[in-house]
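Colleague: Just final_26.csv, nothing more (CSV, C-alpha atoms):
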chain,number,residue,atom,x,y,z
A,1,VAL,CA,-20.1,-19.0,2.1
A,2,GLY,CA,-16.8,-18.7,0.2
A,3,TRP,CA,-18.4,-17.2,-3.0
A,4,TRP,CA,-20.3,-14.6,-1.0
A,5,GLN,CA,-17.0,-13.5,0.7
A,6,ILE,CA,-15.3,-13.2,-2.7
A,7,ALA,CA,-18.3,-11.2,-4.1
A,8,LEU,CA,-18.2,-9.0,-1.0
A,9,VAL,CA,-14.5,-8.2,-1.4
A,10,LEU,CA,-14.9,-7.5,-5.1
A,11,ALA,CA,-17.8,-5.2,-4.4
A,12,LEU,CA,-15.9,-3.3,-1.7
A,13,VAL,CA,-12.9,-2.9,-4.1
A,14,VAL,CA,-15.2,-1.5,-6.9
A,15,VAL,CA,-17.0,0.8,-4.5
A,16,THR,CA,-13.9,2.2,-2.9
A,17,ALA,CA,-11.7,2.4,-6.1
A,18,ILE,CA,-12.9,5.7,-7.3
A,19,PRO,CA,-12.8,7.6,-4.0
A,20,VAL,CA,-9.4,6.2,-3.1
A,21,SER,CA,-8.0,7.0,-6.5
A,22,ASP,CA,-9.4,10.5,-6.3
A,23,LEU,CA,-7.6,10.9,-2.9
A,24,VAL,CA,-4.3,9.5,-4.4
A,25,VAL,CA,-4.6,12.0,-7.3
A,26,SER,CA,-5.2,14.9,-4.9
A,27,VAL,CA,-2.1,13.9,-2.9
A,28,TYR,CA,0.0,13.5,-6.0
A,29,SER,CA,-1.0,16.9,-7.4
A,30,GLY,CA,-1.0,18.7,-4.1
A,31,GLU,CA,-4.7,19.7,-4.4
A,32,ASP,CA,-7.0,20.0,-1.4
A,33,ASN,CA,-9.2,17.1,-0.4
A,34,PHE,CA,-11.6,16.3,2.5
A,35,LEU,CA,-8.6,15.7,4.9
A,36,THR,CA,-6.9,19.0,4.1
A,37,PRO,CA,-8.5,21.2,6.9
A,38,ALA,CA,-7.5,18.7,9.6
A,39,VAL,CA,-4.1,17.6,8.2
A,40,ARG,CA,-2.7,20.8,6.6
A,41,PRO,CA,-1.6,22.4,10.0
A,42,ILE,CA,0.3,19.2,10.9
A,43,GLU,CA,1.8,19.0,7.4
A,44,ARG,CA,3.0,22.6,7.6
A,45,GLY,CA,4.4,22.0,11.1
A,46,PHE,CA,6.5,19.2,9.7
A,47,TYR,CA,7.8,21.4,7.0
A,48,TRP,CA,8.7,24.2,9.4
A,49,LEU,CA,10.5,21.8,11.8
A,50,ALA,CA,12.5,20.2,8.9
A,51,GLY,CA,13.1,23.4,7.0
A,52,VAL,CA,11.4,22.2,3.9
A,53,ASP,CA,10.0,24.7,1.4
A,54,GLU,CA,6.9,22.9,0.1
A,55,LYS,CA,6.8,25.0,-3.1
A,56,ARG,CA,10.4,24.3,-4.1
A,57,GLU,CA,10.6,21.3,-6.4
A,58,GLN,CA,13.7,19.2,-7.0
A,59,SER,CA,15.4,17.8,-10.1
A,60,TRP,CA,15.4,14.1,-10.6
A,61,PHE,CA,19.0,13.9,-9.3
A,62,ILE,CA,18.3,15.9,-6.0
A,63,TYR,CA,15.0,13.9,-5.6
A,64,ALA,CA,17.0,10.6,-5.9
A,65,VAL,CA,19.7,11.8,-3.6
A,66,ALA,CA,17.1,12.8,-0.9
A,67,MET,CA,15.5,9.4,-1.2
A,68,ILE,CA,18.9,7.6,-0.9
A,69,ALA,CA,20.0,9.7,2.1
A,70,PHE,CA,16.6,9.1,3.8
A,71,SER,CA,16.9,5.4,3.2
A,72,ILE,CA,20.4,5.2,4.5
A,73,ALA,CA,19.5,7.1,7.6
A,74,GLY,CA,16.5,4.8,8.1
A,75,PHE,CA,18.7,1.7,7.7
A,76,PHE,CA,21.2,2.9,10.3
A,77,SER,CA,18.6,4.0,12.8
A,78,LEU,CA,16.7,0.8,12.6
A,79,TYR,CA,19.9,-1.3,12.8
A,80,ALA,CA,21.0,0.6,15.9
A,81,LEU,CA,17.6,0.3,17.5
A,82,GLN,CA,17.7,-3.4,17.1
A,83,ARG,CA,21.3,-3.8,18.3
A,84,LEU,CA,20.8,-1.5,21.3
A,85,GLN,CA,17.4,-2.7,22.4
A,86,LYS,CA,18.8,-4.4,25.6
A,87,ALA,CA,19.9,-1.0,26.9
A,88,LEU,CA,16.8,1.0,25.7
A,89,PRO,CA,13.5,1.5,27.5
A,90,LEU,CA,10.2,-0.4,26.9
A,91,ASN,CA,11.9,-3.8,27.0
A,92,PRO,CA,10.0,-5.5,29.8
A,93,GLN,CA,11.0,-9.0,28.7
A,94,GLY,CA,14.6,-8.0,28.8
A,95,PHE,CA,15.3,-9.1,25.2
A,96,ASP,CA,19.0,-9.2,24.2
A,97,PRO,CA,20.1,-7.3,21.2
A,98,VAL,CA,18.8,-8.7,17.9
A,99,PRO,CA,21.7,-10.7,16.3
A,100,SER,CA,23.7,-8.6,13.9
A,101,ASP,CA,22.8,-10.6,10.8
A,102,LEU,CA,19.1,-10.5,11.5
A,103,ALA,CA,19.2,-6.8,12.4
A,104,PHE,CA,21.0,-6.1,9.1
A,105,ASN,CA,18.6,-8.3,7.1
A,106,THR,CA,15.6,-6.6,8.7
A,107,SER,CA,16.9,-3.1,8.2
A,108,ILE,CA,18.0,-3.6,4.6
A,109,SER,CA,14.6,-5.2,3.8
A,110,PHE,CA,12.8,-2.0,4.7
A,111,ILE,CA,14.9,0.2,2.4
A,112,THR,CA,14.5,-2.2,-0.4
A,113,ASN,CA,10.8,-2.1,0.1
A,114,THR,CA,10.6,-5.9,0.6
A,115,ASN,CA,9.8,-5.8,4.4
A,116,TRP,CA,11.3,-9.3,4.9
A,117,GLN,CA,10.5,-10.5,8.4
A,118,ASN,CA,12.5,-13.5,9.5
A,119,TYR,CA,11.6,-13.3,13.2
A,120,GLY,CA,8.8,-13.5,15.7
A,121,GLY,CA,8.4,-9.8,16.8
A,122,GLU,CA,7.0,-10.6,20.2
A,123,THR,CA,9.7,-13.1,21.0
A,124,THR,CA,12.7,-11.2,19.5
A,125,MET,CA,12.1,-7.5,19.7
A,126,SER,CA,11.2,-5.1,22.5
A,127,HIS,CA,8.1,-2.9,22.5
A,128,LEU,CA,10.2,0.1,21.5
A,129,THR,CA,11.9,-1.7,18.6
A,130,GLN,CA,8.5,-2.9,17.3
A,131,MET,CA,6.9,0.5,17.7
A,132,LEU,CA,9.6,3.0,16.8
A,133,GLY,CA,11.5,0.6,14.4
A,134,LEU,CA,9.2,-1.8,12.6
A,135,THR,CA,5.9,0.1,12.6
A,136,VAL,CA,7.5,3.4,11.6
A,137,HIS,CA,9.5,1.7,8.8
A,138,ASN,CA,6.4,-0.1,7.5
A,139,PHE,CA,4.9,3.3,6.8
A,140,LEU,CA,8.1,5.0,5.6
A,141,SER,CA,9.0,2.1,3.3
A,142,ALA,CA,5.6,2.2,1.6
A,143,ALA,CA,5.7,6.0,1.4
A,144,THR,CA,9.2,5.9,-0.2
A,145,GLY,CA,8.0,3.5,-2.9
A,146,LEU,CA,4.9,5.7,-3.6
A,147,ALA,CA,7.0,8.8,-3.7
A,148,MET,CA,9.3,7.3,-6.3
A,149,ALA,CA,6.2,6.3,-8.3
A,150,PHE,CA,4.9,9.9,-8.1
A,151,ALA,CA,8.3,11.2,-9.3
A,152,LEU,CA,8.3,8.7,-12.2
A,153,VAL,CA,4.8,9.7,-13.3
A,154,ARG,CA,5.7,13.3,-13.1
A,155,ALA,CA,8.8,12.7,-15.1
A,156,PHE,CA,6.7,11.2,-17.9
A,157,ALA,CA,3.9,13.7,-17.6
A,158,ARG,CA,6.3,16.7,-17.6
A,159,SER,CA,8.7,15.7,-20.3
A,160,SER,CA,9.9,19.2,-20.8
A,161,SER,CA,10.3,20.1,-17.1
A,162,THR,CA,13.5,19.8,-15.1
A,163,THR,CA,11.7,19.0,-11.8
A,164,VAL,CA,9.8,15.9,-10.6
A,165,GLY,CA,8.4,17.2,-7.3
A,166,ASN,CA,9.9,17.4,-3.8
A,167,PHE,CA,10.7,14.1,-2.0
A,168,TRP,CA,10.1,15.5,1.5
A,169,VAL,CA,6.7,16.9,0.5
A,170,ASP,CA,5.7,13.7,-1.2
A,171,MET,CA,6.7,11.6,1.8
A,172,SER,CA,4.9,13.8,4.2
A,173,ARG,CA,1.7,13.9,2.1
A,174,ILE,CA,1.7,10.2,1.4
A,175,VAL,CA,2.0,9.4,5.1
A,176,LEU,CA,-0.4,12.0,6.4
A,177,TYR,CA,-3.1,11.9,3.7
A,178,LEU,CA,-3.0,8.2,2.5
A,179,LEU,CA,-1.3,5.7,4.8
A,180,LEU,CA,-2.3,7.0,8.2
A,181,PRO,CA,-6.0,7.5,7.3
A,182,ILE,CA,-6.3,4.1,5.6
A,183,SER,CA,-4.6,2.5,8.6
A,184,ILE,CA,-7.0,4.2,11.0
A,185,VAL,CA,-10.0,3.1,9.0
A,186,PHE,CA,-8.8,-0.5,8.8
A,187,ALA,CA,-8.0,-0.5,12.5
A,188,LEU,CA,-11.5,0.6,13.3
A,189,VAL,CA,-12.9,-2.1,11.1
A,190,LEU,CA,-10.8,-4.7,12.9
A,191,VAL,CA,-11.9,-3.4,16.3
A,192,ALA,CA,-15.5,-3.5,15.1
A,193,LEU,CA,-15.0,-7.1,14.0
A,194,GLY,CA,-13.5,-8.0,17.4
A,195,VAL,CA,-10.1,-8.9,16.0
A,196,PRO,CA,-7.9,-7.1,18.6
A,197,GLN,CA,-8.3,-9.0,21.9
A,198,THR,CA,-6.0,-6.9,24.1
Mind turning the file's structure into structure tokens?
Modeller:
Amino acid sequence: VGWWQIALVLALVVVTAIPVSDLVVSVYSGEDNFLTPAVRPIERGFYWLAGVDEKREQSWFIYAVAMIAFSIAGFFSLYALQRLQKALPLNPQGFDPVPSDLAFNTSISFITNTNWQNYGGETTMSHLTQMLGLTVHNFLSAATGLAMAFALVRAFARSSSTTVGNFWVDMSRIVLYLLLPISIVFALVLVALGVPQT
């Protein structure tokens, strides 16, 4: 049975490698793909709300500053959410604030893209902290890492250019076109296999 499982996983990787890589390339280059008709209005809505000009690219310095500012804001928001969870809604178990050292460790782990988890979520954190804090930062941490990879590839590919893309556009596209669709597909697979029990 073990060898069949290994063979099945390898076959699935080989079969999905080309379509997934085509999707990544389309997101990286800003080209349309099969998700564009459904996702583009949501994407443009985000840009309008945030005041982002999707056609305006950034220098490597501005791109890096945007990433650092975003990461710092993410750190402080997650830290505050953990420390204030006792006073916030969606805490039916009445959990106390997450201890300061654990809240710091958890928050810093997301901005370093290590996602270190030294706690039992269901016994330490409220529903709000898990949903708005940990789940959101699992996506944003991965998107930040991918955005920096996109910028690095552009820097090598455009050796004579002074721009490397737009951090806010890259983040939005990575979340909307890659991470959320992949998560939805995997969630449906898990549901079909009967993994979620509640």
Colleague: Would you kindly return, as a PDB file with C-alpha atoms, in the frame of the given file, each protein, DNA or RNA residue with an atom no farther than 8 Å from any atom of region 47-55 of chain A, considering all atoms listed in the file and excluding same-chain residues fewer than 2 positions away?
Modeller:
ATOM      1  CA  GLU A  43       1.800  19.000   7.400  1.00  0.00           C
ATOM      2  CA  ARG A  44       3.000  22.600   7.600  1.00  0.00           C
ATOM      3  CA  GLY A  45       4.400  22.000  11.100  1.00  0.00           C
ATOM      4  CA  GLU A  57      10.600  21.300  -6.400  1.00  0.00           C
ATOM      5  CA  ASN A 166       9.900  17.400  -3.800  1.00  0.00           C
ATOM      6  CA  TRP A 168      10.100  15.500   1.500  1.00  0.00           C
ATOM      7  CA  VAL A 169       6.700  16.900   0.500  1.00  0.00           C
TER       8      VAL A 169
END
Colleague: To one decimal place in Å, what is the distance between CA of Met171 (chain A) and CA of Phe139 (chain A)?
Modeller: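 That distance, rounded to one decimal, is 9.9 Å.
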Colleague: By how many Å are CA of Thr106 (chain A) and CA of Pro92 (chain A) apart?
Modeller: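 About the pair CA of Thr106 (chain A) and CA of Pro92 (chain A): they are 21.9 Å apart.
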Colleague: Which polymer residues have any atom within 12 Å of an atom of Gly94 (chain A), counting all atoms listed in the file, with same-chain residues fewer than 3 positions away left out, as a count of residues only?
Modeller: 17
Colleague: Find the residues around Phe34 (chain A) up to 12 Å (all atoms listed in the file counted), leave out those fewer than 3 positions away in its own chain, and share them as a list in words.
Modeller: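 What passes the distance filter is Pro19, Val20, Asp22, Leu23, Ser26, Val27, Glu31, Pro37, Ala38, Val39, Arg40, Tyr177, Leu178 and Pro181 of chain A.
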Colleague: Given the choices A:Leu10, A:Leu81, A:Val175, A:Ile68, which gets closest to Ile111 (chain A) if the distance is worked out from all atoms listed in the file?
Modeller: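 Checking each of A:Leu10, A:Leu81, A:Val175, A:Ile68 against Ile111 (chain A), counting all atoms listed in the file, the winner is A:Ile68.
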Colleague: Just add N, CA and C atoms to region 50-61 of chain A and send it as a CSV table (one decimal), keeping the file's coordinate frame.
Modeller:
chain,number,residue,atom,x,y,z
A,50,ALA,N,11.4,20.8,9.8
A,50,ALA,CA,12.5,20.2,8.9
A,50,ALA,C,13.1,21.2,8.0
A,51,GLY,N,12.6,22.4,7.9
A,51,GLY,CA,13.1,23.4,7.0
A,51,GLY,C,12.9,23.2,5.6
A,52,VAL,N,11.7,22.6,5.3
A,52,VAL,CA,11.4,22.2,3.9
A,52,VAL,C,10.5,23.3,3.3
A,53,ASP,N,10.8,23.8,2.1
A,53,ASP,CA,10.0,24.7,1.4
A,53,ASP,C,9.1,23.9,0.5
A,54,GLU,N,7.8,23.8,0.8
A,54,GLU,CA,6.9,22.9,0.1
A,54,GLU,C,6.7,23.3,-1.4
A,55,LYS,N,7.0,24.6,-1.7
A,55,LYS,CA,6.8,25.0,-3.1
A,55,LYS,C,8.0,24.8,-3.9
A,56,ARG,N,9.1,24.4,-3.3
A,56,ARG,CA,10.4,24.3,-4.1
A,56,ARG,C,10.5,22.8,-4.6
A,57,GLU,N,10.5,22.7,-5.9
A,57,GLU,CA,10.6,21.3,-6.4
A,57,GLU,C,12.1,21.0,-6.7
A,58,GLN,N,12.3,19.7,-6.9
A,58,GLN,CA,13.7,19.2,-7.0
A,58,GLN,C,13.8,18.5,-8.4
A,59,SER,N,15.1,18.6,-8.9
A,59,SER,CA,15.4,17.8,-10.1
A,59,SER,C,15.4,16.4,-9.8
A,60,TRP,N,15.4,15.5,-10.8
A,60,TRP,CA,15.4,14.1,-10.6
A,60,TRP,C,16.6,13.7,-9.8
A,61,PHE,N,17.7,14.3,-10.0
A,61,PHE,CA,19.0,13.9,-9.3
A,61,PHE,C,18.8,14.2,-7.8
